[in-house]
$ cat coords_34.json   # JSON, C-alpha atoms (C1' of nucleotides)
[["chain", "number", "residue", "atom", "x", "y", "z"],
["A", 1, "MET", "CA", -4.09, 14.43, 72.27],
["A", 2, "LYS", "CA", -7.32, 15.58, 73.87],
["A", 3, "VAL", "CA", -7.19, 17.67, 77.02],
["A", 4, "ALA", "CA", -10.09, 19.09, 79.01],
["A", 5, "THR", "CA", -10.72, 21.22, 82.08],
["A", 6, "TRP", "CA", -13.75, 21.17, 84.37],
["A", 7, "ASN", "CA", -14.55, 22.92, 87.63],
["A", 8, "VAL", "CA", -16.74, 20.22, 89.15],
["A", 9, "ASN", "CA", -17.74, 22.01, 92.40],
["A", 10, "SER", "CA", -17.12, 18.93, 94.60],
["A", 11, "ILE", "CA", -15.79, 15.69, 93.11],
["A", 12, "LYS", "CA", -17.80, 13.75, 95.67],
["A", 13, "VAL", "CA", -21.11, 15.12, 94.41],
["A", 14, "ARG", "CA", -20.06, 15.10, 90.74],
["A", 15, "LEU", "CA", -18.24, 11.76, 90.44],
["A", 16, "GLU", "CA", -20.97, 10.11, 88.36],
["A", 17, "HIS", "CA", -20.99, 13.09, 86.00],
["A", 18, "VAL", "CA", -17.21, 12.95, 85.63],
["A", 19, "LEU", "CA", -17.22, 9.20, 84.97],
["A", 20, "ALA", "CA", -20.03, 9.47, 82.43],
["A", 21, "TRP", "CA", -18.29, 12.36, 80.71],
["A", 22, "LEU", "CA", -14.93, 10.54, 80.60],
["A", 23, "ASP", "CA", -16.63, 7.48, 79.08],
["A", 24, "ARG", "CA", -18.16, 9.60, 76.38],
["A", 25, "GLU", "CA", -15.34, 12.03, 75.58],
["A", 26, "GLN", "CA", -12.32, 9.85, 76.31],
["A", 27, "PRO", "CA", -9.89, 12.72, 76.92],
["A", 28, "ASP", "CA", -6.23, 11.91, 77.46],
["A", 29, "VAL", "CA", -6.02, 14.41, 80.32],
["A", 30, "LEU", "CA", -8.75, 16.07, 82.39],
["A", 31, "ALA", "CA", -7.87, 18.94, 84.73],
["A", 32, "LEU", "CA", -10.31, 19.29, 87.63],
["A", 33, "GLN", "CA", -10.89, 22.24, 89.94],
["A", 34, "GLU", "CA", -12.82, 22.71, 93.18],
["A", 35, "ILE", "CA", -12.65, 19.05, 94.08],
["A", 36, "LYS", "CA", -13.27, 20.16, 97.70],
["A", 37, "THR", "CA", -11.77, 17.04, 99.21],
["A", 38, "ARG", "CA", -8.57, 15.85, 100.84],
["A", 39, "ASP", "CA", -6.15, 13.74, 98.81],
["A", 40, "ASP", "CA", -7.17, 10.60, 100.73],
["A", 41, "ASP", "CA", -10.84, 11.04, 99.83],
["A", 42, "PHE", "CA", -10.29, 11.65, 96.11],
["A", 43, "PRO", "CA", -12.00, 8.82, 94.16],
["A", 44, "ALA", "CA", -8.78, 7.59, 92.54],
["A", 45, "ASP", "CA", -9.95, 3.96, 92.59],
["A", 46, "ALA", "CA", -13.14, 4.67, 90.65],
["A", 47, "LEU", "CA", -11.13, 6.61, 88.08],
["A", 48, "ARG", "CA", -8.49, 3.89, 87.91],
["A", 49, "ALA", "CA", -11.24, 1.39, 87.12],
["A", 50, "ARG", "CA", -12.11, 3.59, 84.11],
["A", 51, "GLY", "CA", -8.48, 3.60, 83.00],
["A", 52, "TYR", "CA", -7.43, 6.94, 84.48],
["A", 53, "ALA", "CA", -4.51, 7.76, 86.76],
["A", 54, "SER", "CA", -4.83, 10.64, 89.23],
["A", 55, "ALA", "CA", -2.56, 13.35, 90.57],
["A", 56, "VAL", "CA", -4.23, 15.33, 93.35],
["A", 57, "SER", "CA", -3.65, 18.51, 95.32],
["A", 58, "GLY", "CA", -6.58, 18.40, 97.69],
["A", 59, "GLN", "CA", -7.88, 20.35, 100.65],
["A", 60, "ALA", "CA", -10.77, 19.69, 103.01],
["A", 61, "GLY", "CA", -13.90, 21.62, 102.12],
["A", 62, "TYR", "CA", -12.53, 24.21, 99.72],
["A", 63, "ASN", "CA", -10.52, 24.53, 96.53],
["A", 64, "GLY", "CA", -8.44, 21.53, 95.44],
["A", 65, "VAL", "CA", -7.22, 20.62, 91.95],
["A", 66, "ALA", "CA", -6.39, 17.36, 90.19],
["A", 67, "LEU", "CA", -5.17, 15.92, 86.90],
["A", 68, "VAL", "CA", -6.62, 12.62, 85.70],
["A", 69, "SER", "CA", -5.00, 10.98, 82.69],
["A", 70, "ARG", "CA", -4.82, 7.89, 80.54],
["A", 71, "ILE", "CA", -1.03, 7.84, 80.87],
["A", 72, "GLU", "CA", 0.84, 8.19, 84.13],
["A", 73, "PRO", "CA", 1.85, 11.75, 85.01],
["A", 74, "SER", "CA", 5.49, 12.57, 85.64],
["A", 75, "ASP", "CA", 7.22, 15.51, 87.33],
["A", 76, "VAL", "CA", 4.13, 16.35, 89.40],
["A", 77, "THR", "CA", 4.48, 19.71, 91.13],
["A", 78, "HIS", "CA", 2.25, 21.34, 93.74],
["A", 79, "GLY", "CA", 1.68, 25.06, 94.12],
["A", 80, "ILE", "CA", 3.67, 28.03, 92.84],
["A", 81, "GLY", "CA", 7.31, 27.47, 93.74],
["A", 82, "GLY", "CA", 8.31, 29.83, 96.55],
["A", 83, "TYR", "CA", 4.87, 31.43, 96.88],
["A", 84, "VAL", "CA", 3.49, 30.26, 100.21],
["A", 85, "ASP", "CA", -0.23, 29.47, 99.93],
["A", 86, "GLU", "CA", -2.34, 27.19, 102.08],
["A", 87, "GLN", "CA", -5.01, 27.09, 99.38],
["A", 88, "LYS", "CA", -4.58, 24.25, 96.90],
["A", 89, "ARG", "CA", -5.03, 25.85, 93.50],
["A", 90, "VAL", "CA", -2.10, 24.74, 91.33],
["A", 91, "LEU", "CA", -1.01, 21.32, 90.14],
["A", 92, "GLY", "CA", 1.43, 20.64, 87.30],
["A", 93, "ALA", "CA", 2.38, 17.39, 85.57],
["A", 94, "THR", "CA", 4.13, 16.23, 82.43],
["A", 95, "PHE", "CA", 2.53, 13.86, 79.92],
["A", 96, "GLY", "CA", 5.03, 12.91, 77.24],
["A", 97, "THR", "CA", 6.11, 16.20, 75.64],
["A", 98, "LEU", "CA", 3.18, 18.12, 77.12],
["A", 99, "ARG", "CA", 3.35, 20.06, 80.39],
["A", 100, "VAL", "CA", -0.12, 20.67, 81.85],
["A", 101, "TYR", "CA", -1.32, 22.76, 84.78],
["A", 102, "SER", "CA", -4.68, 22.49, 86.49],
["A", 103, "LEU", "CA", -5.37, 25.99, 87.86],
["A", 104, "TYR", "CA", -8.05, 27.33, 90.15],
["A", 105, "VAL", "CA", -7.64, 31.11, 90.23],
["A", 106, "PRO", "CA", -9.03, 32.82, 93.36],
["A", 107, "ASN", "CA", -12.49, 34.30, 92.98],
["A", 108, "GLY", "CA", -11.70, 37.71, 94.49],
["A", 109, "GLU", "CA", -15.10, 38.30, 96.10],
["A", 110, "ARG", "CA", -15.26, 42.11, 95.62],
["A", 111, "PRO", "CA", -12.74, 44.65, 94.32],
["A", 112, "GLU", "CA", -12.45, 46.24, 97.79],
["A", 113, "SER", "CA", -11.78, 42.95, 99.58],
["A", 114, "ASP", "CA", -8.67, 41.24, 100.93],
["A", 115, "LYS", "CA", -9.56, 38.32, 98.69],
["A", 116, "TYR", "CA", -9.29, 40.57, 95.65],
["A", 117, "ARG", "CA", -5.79, 41.67, 96.70],
["A", 118, "TYR", "CA", -4.92, 38.02, 97.25],
["A", 119, "LYS", "CA", -6.17, 37.25, 93.73],
["A", 120, "LEU", "CA", -3.95, 39.90, 92.13],
["A", 121, "GLY", "CA", -0.90, 38.84, 94.17],
["A", 122, "TRP", "CA", -1.57, 35.23, 93.26],
["A", 123, "PHE", "CA", -1.67, 36.13, 89.55],
["A", 124, "ALA", "CA", 1.70, 37.92, 89.89],
["A", 125, "ALA", "CA", 3.25, 34.86, 91.54],
["A", 126, "LEU", "CA", 1.78, 32.60, 88.86],
["A", 127, "ARG", "CA", 3.23, 34.80, 86.14],
["A", 128, "ASN", "CA", 6.72, 34.35, 87.59],
["A", 129, "LEU", "CA", 6.29, 30.58, 87.71],
["A", 130, "LEU", "CA", 5.06, 30.46, 84.12],
["A", 131, "ALA", "CA", 7.89, 32.59, 82.78],
["A", 132, "ALA", "CA", 10.28, 29.92, 84.09],
["A", 133, "GLU", "CA", 8.09, 27.01, 82.97],
["A", 134, "LEU", "CA", 7.88, 28.36, 79.40],
["A", 135, "ARG", "CA", 11.67, 28.29, 79.17],
["A", 136, "ARG", "CA", 11.66, 24.62, 80.25],
["A", 137, "HIS", "CA", 8.59, 23.40, 78.39],
["A", 138, "PRO", "CA", 7.87, 24.60, 74.83],
["A", 139, "ARG", "CA", 4.55, 22.74, 74.96],
["A", 140, "LEU", "CA", 2.87, 24.23, 78.00],
["A", 141, "LEU", "CA", -0.88, 24.20, 78.64],
["A", 142, "LEU", "CA", -2.75, 26.03, 81.40],
["A", 143, "ALA", "CA", -6.15, 24.45, 81.93],
["A", 144, "GLY", "CA", -8.43, 25.85, 84.53],
["A", 145, "ASP", "CA", -10.99, 28.11, 86.10],
["A", 146, "PHE", "CA", -9.37, 31.53, 85.65],
["A", 147, "ASN", "CA", -12.17, 33.46, 87.32],
["A", 148, "VAL", "CA", -11.71, 36.25, 84.79],
["A", 149, "ALA", "CA", -13.85, 36.88, 81.71],
["A", 150, "PRO", "CA", -11.18, 37.97, 79.20],
["A", 151, "GLU", "CA", -13.37, 40.32, 77.14],
["A", 152, "ASP", "CA", -16.85, 41.81, 77.12],
["A", 153, "ARG", "CA", -17.92, 39.26, 74.51],
["A", 154, "ASP", "CA", -17.32, 36.61, 77.19],
["A", 155, "VAL", "CA", -20.04, 38.15, 79.38],
["A", 156, "TYR", "CA", -23.80, 37.90, 78.79],
["A", 157, "ASP", "CA", -24.42, 41.45, 80.02],
["A", 158, "PRO", "CA", -21.16, 43.41, 80.02],
["A", 159, "ALA", "CA", -22.81, 46.62, 81.23],
["A", 160, "ALA", "CA", -24.26, 44.90, 84.29],
["A", 161, "TRP", "CA", -20.91, 43.25, 85.06],
["A", 162, "GLN", "CA", -18.74, 46.31, 84.50],
["A", 163, "GLY", "CA", -16.52, 46.86, 87.53],
["A", 164, "HIS", "CA", -17.61, 43.62, 89.18],
["A", 165, "VAL", "CA", -15.20, 40.92, 90.17],
["A", 166, "LEU", "CA", -14.31, 38.62, 87.21],
["A", 167, "CYS", "CA", -14.57, 41.60, 84.84],
["A", 168, "THR", "CA", -12.48, 44.43, 86.33],
["A", 169, "PRO", "CA", -9.71, 46.02, 84.24],
["A", 170, "GLU", "CA", -7.13, 44.92, 86.85],
["A", 171, "GLU", "CA", -8.15, 41.28, 86.60],
["A", 172, "ARG", "CA", -8.16, 41.43, 82.83],
["A", 173, "ALA", "CA", -4.71, 43.01, 82.91],
["A", 174, "ALA", "CA", -3.49, 40.23, 85.20],
["A", 175, "LEU", "CA", -4.78, 37.65, 82.74],
["A", 176, "ALA", "CA", -3.26, 39.60, 79.84],
["A", 177, "SER", "CA", 0.11, 39.56, 81.64],
["A", 178, "LEU", "CA", 0.04, 35.77, 81.32],
["A", 179, "VAL", "CA", -0.93, 35.96, 77.67],
["A", 180, "GLU", "CA", 1.95, 38.38, 77.07],
["A", 181, "LEU", "CA", 4.38, 35.65, 78.11],
["A", 182, "GLY", "CA", 3.44, 33.97, 74.82],
["A", 183, "LEU", "CA", 0.24, 32.10, 75.62],
["A", 184, "ARG", "CA", -2.86, 31.87, 73.47],
["A", 185, "ASP", "CA", -6.50, 31.46, 74.51],
["A", 186, "THR", "CA", -7.14, 28.31, 72.45],
["A", 187, "PHE", "CA", -10.91, 28.97, 72.34],
["A", 188, "ARG", "CA", -10.24, 32.10, 70.29],
["A", 189, "LEU", "CA", -8.01, 30.34, 67.79],
["A", 190, "PHE", "CA", -11.20, 29.17, 66.10],
["A", 191, "ASP", "CA", -14.52, 30.59, 64.94],
["A", 192, "GLN", "CA", -16.97, 30.23, 67.81],
["A", 193, "PRO", "CA", -20.69, 30.74, 68.17],
["A", 194, "PRO", "CA", -21.55, 34.04, 69.87],
["A", 195, "ALA", "CA", -22.65, 33.93, 73.50],
["A", 196, "THR", "CA", -20.65, 30.84, 74.36],
["A", 197, "TYR", "CA", -20.02, 30.62, 78.09],
["A", 198, "SER", "CA", -18.53, 28.16, 80.58],
["A", 199, "TRP", "CA", -20.23, 29.20, 83.83],
["A", 200, "TRP", "CA", -23.83, 30.02, 84.71],
["A", 201, "ASP", "CA", -25.05, 30.98, 88.17],
["A", 202, "TYR", "CA", -27.25, 28.35, 89.81],
["A", 203, "ARG", "CA", -29.85, 30.99, 90.59],
["A", 204, "ALA", "CA", -32.54, 32.51, 88.44],
["A", 205, "GLY", "CA", -32.50, 30.05, 85.55],
["A", 206, "MET", "CA", -29.31, 31.57, 84.23],
["A", 207, "TYR", "CA", -28.33, 28.44, 82.32],
["A", 208, "ARG", "CA", -31.75, 28.05, 80.78],
["A", 209, "ARG", "CA", -31.56, 31.67, 79.60],
["A", 210, "ASN", "CA", -27.87, 31.34, 78.65],
["A", 211, "ARG", "CA", -26.81, 34.18, 80.91],
["A", 212, "GLY", "CA", -23.25, 33.15, 81.63],
["A", 213, "LEU", "CA", -19.59, 34.05, 81.57],
["A", 214, "ARG", "CA", -16.63, 32.41, 79.86],
["A", 215, "ILE", "CA", -14.11, 32.08, 82.69],
["A", 216, "ASP", "CA", -12.79, 28.53, 82.14],
["A", 217, "LEU", "CA", -9.88, 28.70, 79.74],
["A", 218, "MET", "CA", -7.13, 26.68, 78.13],
["A", 219, "LEU", "CA", -4.06, 28.81, 77.46],
["A", 220, "ALA", "CA", -1.39, 27.23, 75.26],
["A", 221, "SER", "CA", 2.20, 28.20, 74.61],
["A", 222, "ARG", "CA", 2.98, 29.46, 71.12],
["A", 223, "GLU", "CA", 4.38, 26.12, 69.95],
["A", 224, "LEU", "CA", 1.45, 24.18, 71.39],
["A", 225, "SER", "CA", -1.11, 26.62, 69.99],
["A", 226, "GLN", "CA", 0.29, 25.96, 66.51],
["A", 227, "ILE", "CA", -0.75, 22.31, 66.74],
["A", 228, "CYS", "CA", -4.11, 22.98, 68.42],
["A", 229, "THR", "CA", -6.82, 21.63, 66.12],
["A", 230, "SER", "CA", -9.97, 22.48, 68.10],
["A", 231, "CYS", "CA", -11.34, 24.02, 71.27],
["A", 232, "ARG", "CA", -14.94, 23.96, 72.38],
["A", 233, "ILE", "CA", -17.12, 24.24, 75.45],
["A", 234, "ASP", "CA", -19.39, 21.27, 76.15],
["A", 235, "ARG", "CA", -22.40, 22.92, 77.73],
["A", 236, "GLU", "CA", -24.43, 19.74, 77.93],
["A", 237, "PRO", "CA", -23.33, 18.54, 81.41],
["A", 238, "ARG", "CA", -24.50, 21.89, 82.81],
["A", 239, "GLY", "CA", -28.01, 20.72, 81.93],
["A", 240, "TRP", "CA", -27.72, 17.37, 83.71],
["A", 241, "GLU", "CA", -29.46, 16.73, 87.00],
["A", 242, "ARG", "CA", -27.63, 18.31, 89.96],
["A", 243, "PRO", "CA", -24.90, 19.81, 87.78],
["A", 244, "SER", "CA", -21.72, 21.71, 88.45],
["A", 245, "ASP", "CA", -22.20, 25.40, 87.69],
["A", 246, "HIS", "CA", -19.27, 25.12, 85.21],
["A", 247, "ALA", "CA", -19.10, 23.28, 81.89],
["A", 248, "PRO", "CA", -16.07, 21.37, 80.59],
["A", 249, "VAL", "CA", -13.75, 22.95, 78.01],
["A", 250, "VAL", "CA", -12.08, 20.57, 75.55],
["A", 251, "ALA", "CA", -9.08, 21.14, 73.29],
["A", 252, "GLU", "CA", -7.33, 18.81, 70.87],
["A", 253, "PHE", "CA", -3.70, 18.86, 69.75],
["A", 254, "ALA", "CA", -1.97, 17.16, 66.84],
["A", 255, "THR", "CA", 0.47, 15.25, 69.01],
["A", 256, "THR", "CA", 0.66, 11.93, 70.79],
["B", 1, "DA", "C1'", -37.39, 41.89, 90.20],
["B", 2, "DT", "C1'", -32.91, 44.80, 93.75],
["B", 3, "DG", "C1'", -34.96, 38.40, 94.01],
["B", 4, "DG", "C1'", -33.90, 33.37, 92.90],
["B", 5, "DC", "C1'", -28.62, 28.37, 94.36],
["B", 6, "DC", "C1'", -25.28, 24.97, 95.87],
["B", 7, "DT", "C1'", -21.45, 22.70, 98.81],
["B", 8, "DG", "C1'", -18.99, 21.31, 103.00],
["B", 9, "DC", "C1'", -18.75, 21.42, 107.72],
["B", 10, "DA", "C1'", -20.71, 21.06, 111.50],
["B", 11, "DA", "C1'", -24.46, 20.95, 113.41],
["B", 12, "DC", "C1'", -29.87, 22.74, 112.49],
["B", 13, "DG", "C1'", -26.59, 28.37, 110.14],
["B", 14, "DC", "C1'", -22.51, 29.60, 108.40],
["B", 15, "DA", "C1'", -18.52, 30.71, 104.84],
["B", 16, "DG", "C1'", -17.58, 30.73, 100.19],
["B", 17, "DG", "C1'", -18.40, 30.67, 95.55],
["B", 18, "DA", "C1'", -18.95, 33.82, 90.90]]

$ encode --input "coords_34.json" --output "structure tokens"
Amino acid sequence: MKVATWNVNSIKVRLEHVLAWLDREQPDVLALQEIKTRDDDFPADALRARGYASAVSGQAGYNGVALVSRIEPSDVTHGIGGYVDEQKRVLGATFGTLRVYSLYVPNGERPESDKYRYKLGWFAALRNLLAAELRRHPRLLLAGDFNVAPEDRDVYDPAAWQGHVLCTPEERAALASLVELGLRDTFRLFDQPPATYSWWDYRAGMYRRNRGLRIDLMLASRELSQICTSCRIDREPRGWERPSDHAPVVAEFATT
DNA sequence: ATGGCCTGCAACGCAGGA
């Protein structure tokens, strides 16, 4: 089973990239973030023509997550249980024995901002949801844009980023609180090349100079991590014409 | 270089991203 996650920064603009990438990689499930469209405008028909079903939690203009899959999703859930949030950032679905979430963690803007407080509160609510989900689903996968670089080695210039949003100790602790539930960062289950990132700013030739951050993650429950056979970041689509600023992350699991 | 870009929405600049 091959599962991927990709923050596409508008599905409307990136549809051709997504279709080309699906044709080439043939994942069983692809979690999308920042689709930036309402449910009705999501290109479900174009994906269906490629053999993919869609579950969508959309919003006009901002945010929005989806799960596209070769098999039909079941038990689709929107949002974080009792946590009231107008922003569409969480979508869960079950594929056989696998429970998958597409997550778009808030950016946080600046550590002094209301958006930063929202980010930390959102993480706390997510943790509560996941504690319950892990009891129900031994094979749980969180696929998404976490908007946190877990460690300094996930940042091209840790000194420059110290204390900035995506790298603050509080954000890293919030991410660690998820990991402490019994989740593993699948990327780090394997030897990886140094300076591997998943996001590069559009400005200043950051991609060309490989000045990026690794903020797109796939976190797997203990049982699922034990059957994870690979995890990699496909940086190539970031070099395509008019790209998303994020690259897809792909993981494979020894299960059907 | 302290800089640099992109998207949607609604209009011709803004909010938001990371």

$ axis_aligned_box --input "coords_34.json" --around "stretch 6-18 of chain B" --padding-each-side "6 Å" --output "AutoDock Vina command-line options"
--center_x -23.7 --center_y 27.4 --center_z 102.2 --size_x 24.3 --size_y 24.9 --size_z 34.5

$ interface_residues --input "coords_34.json" --of "chain B" --to "chain A" --cutoff "7 Å" --atoms "all atoms listed in the file" --output "MDAnalysis selection string"
chainID B and resid 4:5 8 18

$ atom_distance --input "coords_34.json" --atom1 "atom CA of A:Thr5" --atom2 "atom CA of A:Ala220"
13.0 Å

$ closest_residue --input "coords_34.json" --among "A:Tyr197, A:Ala160, A:Arg209, A:Arg153" --to "A:Ile233" --atoms "all atoms listed in the file"
A:Tyr197

$ atom_distance --input "coords_34.json" --atom1 "atom CA of A:Arg110" --atom2 "atom CA of A:Gly79"
24.1 Å

$ atom_distance --input "coords_34.json" --atom1 "atom CA of A:Glu236" --atom2 "atom CA of A:Trp21"
10.0 Å

$ residues_near_point --input "coords_34.json" --point "(-6.0, 13.7, 66.7)" --cutoff "12 Å" --atoms "only C-alpha atoms (C1' of nucleotides)" --output "list of chain:residue names"
A:Met1, A:Lys2, A:Val3, A:Pro27, A:Asp28, A:Ile227, A:Cys228, A:Thr229, A:Ser230, A:Ala251, A:Glu252, A:Phe253, A:Ala254, A:Thr255, A:Thr256

$ write_last_selection --input "coords_34.json" --atoms "C-alpha atoms" --output "short mmCIF file (atom, residue, chain, number, x, y, z; two decimals), keeping the file's coordinate frame"
data_model
loop_
_atom_site.label_atom_id
_atom_site.label_comp_id
_atom_site.auth_asym_id
_atom_site.auth_seq_id
_atom_site.Cartn_x
_atom_site.Cartn_y
_atom_site.Cartn_z
CA MET A 1 -4.09 14.43 72.27
CA LYS A 2 -7.32 15.58 73.87
CA VAL A 3 -7.19 17.67 77.02
CA PRO A 27 -9.89 12.72 76.92
CA ASP A 28 -6.23 11.91 77.46
CA ILE A 227 -0.75 22.31 66.74
CA CYS A 228 -4.11 22.98 68.42
CA THR A 229 -6.82 21.63 66.12
CA SER A 230 -9.97 22.48 68.10
CA ALA A 251 -9.08 21.14 73.29
CA GLU A 252 -7.33 18.81 70.87
CA PHE A 253 -3.70 18.86 69.75
CA ALA A 254 -1.97 17.16 66.84
CA THR A 255 0.47 15.25 69.01
CA THR A 256 0.66 11.93 70.79
#

$ closest_residue --input "coords_34.json" --among "A:Ala124, A:Leu19, A:Leu181, A:Ala159" --to "A:Ile80" --atoms "only C-alpha atoms"
A:Ala124

$ residues_around --input "coords_34.json" --residues "A:Ala44" --least-positions-apart "6" --cutoff "10 Å" --atoms "all atoms listed in the file" --output "list in words"
Arg50, Tyr52, Ala53, Ser54, Ala55, Val56 and Val68 of chain A

$ build_atoms --input "coords_34.json" --residues "stretch 203-230 of chain A" --atoms "N, CA and C atoms" --output "PDB file, keeping the file's coordinate frame"
ATOM      1  N   ARG A 203     -28.591  30.306  90.292  1.00  0.00           N
ATOM      2  CA  ARG A 203     -29.850  30.990  90.590  1.00  0.00           C
ATOM      3  C   ARG A 203     -30.520  31.529  89.316  1.00  0.00           C
ATOM      4  N   ALA A 204     -31.813  31.690  89.407  1.00  0.00           N
ATOM      5  CA  ALA A 204     -32.540  32.510  88.440  1.00  0.00           C
ATOM      6  C   ALA A 204     -32.576  31.950  87.024  1.00  0.00           C
ATOM      7  N   GLY A 205     -32.407  30.636  86.892  1.00  0.00           N
ATOM      8  CA  GLY A 205     -32.500  30.050  85.550  1.00  0.00           C
ATOM      9  C   GLY A 205     -31.492  30.611  84.579  1.00  0.00           C
ATOM     10  N   MET A 206     -30.317  30.942  85.079  1.00  0.00           N
ATOM     11  CA  MET A 206     -29.310  31.570  84.230  1.00  0.00           C
ATOM     12  C   MET A 206     -28.843  30.651  83.093  1.00  0.00           C
ATOM     13  N   TYR A 207     -28.751  29.374  83.384  1.00  0.00           N
ATOM     14  CA  TYR A 207     -28.330  28.440  82.320  1.00  0.00           C
ATOM     15  C   TYR A 207     -29.425  28.334  81.255  1.00  0.00           C
ATOM     16  N   ARG A 208     -30.627  28.179  81.716  1.00  0.00           N
ATOM     17  CA  ARG A 208     -31.750  28.050  80.780  1.00  0.00           C
ATOM     18  C   ARG A 208     -31.823  29.269  79.841  1.00  0.00           C
ATOM     19  N   ARG A 209     -31.503  30.441  80.398  1.00  0.00           N
ATOM     20  CA  ARG A 209     -31.560  31.670  79.600  1.00  0.00           C
ATOM     21  C   ARG A 209     -30.209  32.017  78.972  1.00  0.00           C
ATOM     22  N   ASN A 210     -29.242  31.138  79.133  1.00  0.00           N
ATOM     23  CA  ASN A 210     -27.870  31.340  78.650  1.00  0.00           C
ATOM     24  C   ASN A 210     -27.291  32.686  79.084  1.00  0.00           C
ATOM     25  N   ARG A 211     -27.446  32.983  80.343  1.00  0.00           N
ATOM     26  CA  ARG A 211     -26.810  34.180  80.910  1.00  0.00           C
ATOM     27  C   ARG A 211     -25.590  33.723  81.690  1.00  0.00           C
ATOM     28  N   GLY A 212     -24.457  33.694  81.016  1.00  0.00           N
ATOM     29  CA  GLY A 212     -23.250  33.150  81.630  1.00  0.00           C
ATOM     30  C   GLY A 212     -22.023  33.978  81.360  1.00  0.00           C
ATOM     31  N   LEU A 213     -20.906  33.440  81.805  1.00  0.00           N
ATOM     32  CA  LEU A 213     -19.590  34.050  81.570  1.00  0.00           C
ATOM     33  C   LEU A 213     -18.663  32.954  81.056  1.00  0.00           C
ATOM     34  N   ARG A 214     -17.681  33.362  80.257  1.00  0.00           N
ATOM     35  CA  ARG A 214     -16.630  32.410  79.860  1.00  0.00           C
ATOM     36  C   ARG A 214     -15.402  32.710  80.724  1.00  0.00           C
ATOM     37  N   ILE A 215     -15.217  31.878  81.739  1.00  0.00           N
ATOM     38  CA  ILE A 215     -14.110  32.080  82.690  1.00  0.00           C
ATOM     39  C   ILE A 215     -13.214  30.858  82.789  1.00  0.00           C
ATOM     40  N   ASP A 216     -13.600  29.755  82.144  1.00  0.00           N
ATOM     41  CA  ASP A 216     -12.790  28.530  82.140  1.00  0.00           C
ATOM     42  C   ASP A 216     -12.042  28.491  80.815  1.00  0.00           C
ATOM     43  N   LEU A 217     -10.724  28.463  80.916  1.00  0.00           N
ATOM     44  CA  LEU A 217      -9.880  28.700  79.740  1.00  0.00           C
ATOM     45  C   LEU A 217      -8.815  27.627  79.615  1.00  0.00           C
ATOM     46  N   MET A 218      -8.316  27.499  78.385  1.00  0.00           N
ATOM     47  CA  MET A 218      -7.130  26.680  78.130  1.00  0.00           C
ATOM     48  C   MET A 218      -6.154  27.563  77.378  1.00  0.00           C
ATOM     49  N   LEU A 219      -5.076  27.936  78.052  1.00  0.00           N
ATOM     50  CA  LEU A 219      -4.060  28.810  77.460  1.00  0.00           C
ATOM     51  C   LEU A 219      -2.866  27.949  77.048  1.00  0.00           C
ATOM     52  N   ALA A 220      -2.472  28.067  75.806  1.00  0.00           N
ATOM     53  CA  ALA A 220      -1.390  27.230  75.260  1.00  0.00           C
ATOM     54  C   ALA A 220      -0.206  28.088  74.858  1.00  0.00           C
ATOM     55  N   SER A 221       0.984  27.543  75.083  1.00  0.00           N
ATOM     56  CA  SER A 221       2.200  28.200  74.610  1.00  0.00           C
ATOM     57  C   SER A 221       2.164  28.314  73.086  1.00  0.00           C
ATOM     58  N   ARG A 222       2.997  29.201  72.564  1.00  0.00           N
ATOM     59  CA  ARG A 222       2.980  29.460  71.120  1.00  0.00           C
ATOM     60  C   ARG A 222       3.132  28.151  70.330  1.00  0.00           C
ATOM     61  N   GLU A 223       4.142  27.365  70.701  1.00  0.00           N
ATOM     62  CA  GLU A 223       4.380  26.120  69.950  1.00  0.00           C
ATOM     63  C   GLU A 223       3.179  25.181  70.040  1.00  0.00           C
ATOM     64  N   LEU A 224       2.604  25.077  71.222  1.00  0.00           N
ATOM     65  CA  LEU A 224       1.450  24.180  71.390  1.00  0.00           C
ATOM     66  C   LEU A 224       0.227  24.728  70.653  1.00  0.00           C
ATOM     67  N   SER A 225       0.059  26.034  70.668  1.00  0.00           N
ATOM     68  CA  SER A 225      -1.110  26.620  69.990  1.00  0.00           C
ATOM     69  C   SER A 225      -1.056  26.348  68.485  1.00  0.00           C
ATOM     70  N   GLN A 226       0.154  26.203  67.948  1.00  0.00           N
ATOM     71  CA  GLN A 226       0.290  25.960  66.510  1.00  0.00           C
ATOM     72  C   GLN A 226      -0.176  24.563  66.101  1.00  0.00           C
ATOM     73  N   ILE A 227      -0.251  23.652  67.064  1.00  0.00           N
ATOM     74  CA  ILE A 227      -0.750  22.310  66.740  1.00  0.00           C
ATOM     75  C   ILE A 227      -2.109  22.043  67.406  1.00  0.00           C
ATOM     76  N   CYS A 228      -2.755  23.110  67.877  1.00  0.00           N
ATOM     77  CA  CYS A 228      -4.110  22.980  68.420  1.00  0.00           C
ATOM     78  C   CYS A 228      -5.094  22.891  67.260  1.00  0.00           C
ATOM     79  N   THR A 229      -5.912  21.849  67.248  1.00  0.00           N
ATOM     80  CA  THR A 229      -6.820  21.630  66.120  1.00  0.00           C
ATOM     81  C   THR A 229      -8.285  21.954  66.451  1.00  0.00           C
ATOM     82  N   SER A 230      -8.599  22.095  67.751  1.00  0.00           N
ATOM     83  CA  SER A 230      -9.970  22.480  68.100  1.00  0.00           C
ATOM     84  C   SER A 230     -10.020  22.899  69.562  1.00  0.00           C
TER      85      SER A 230
END
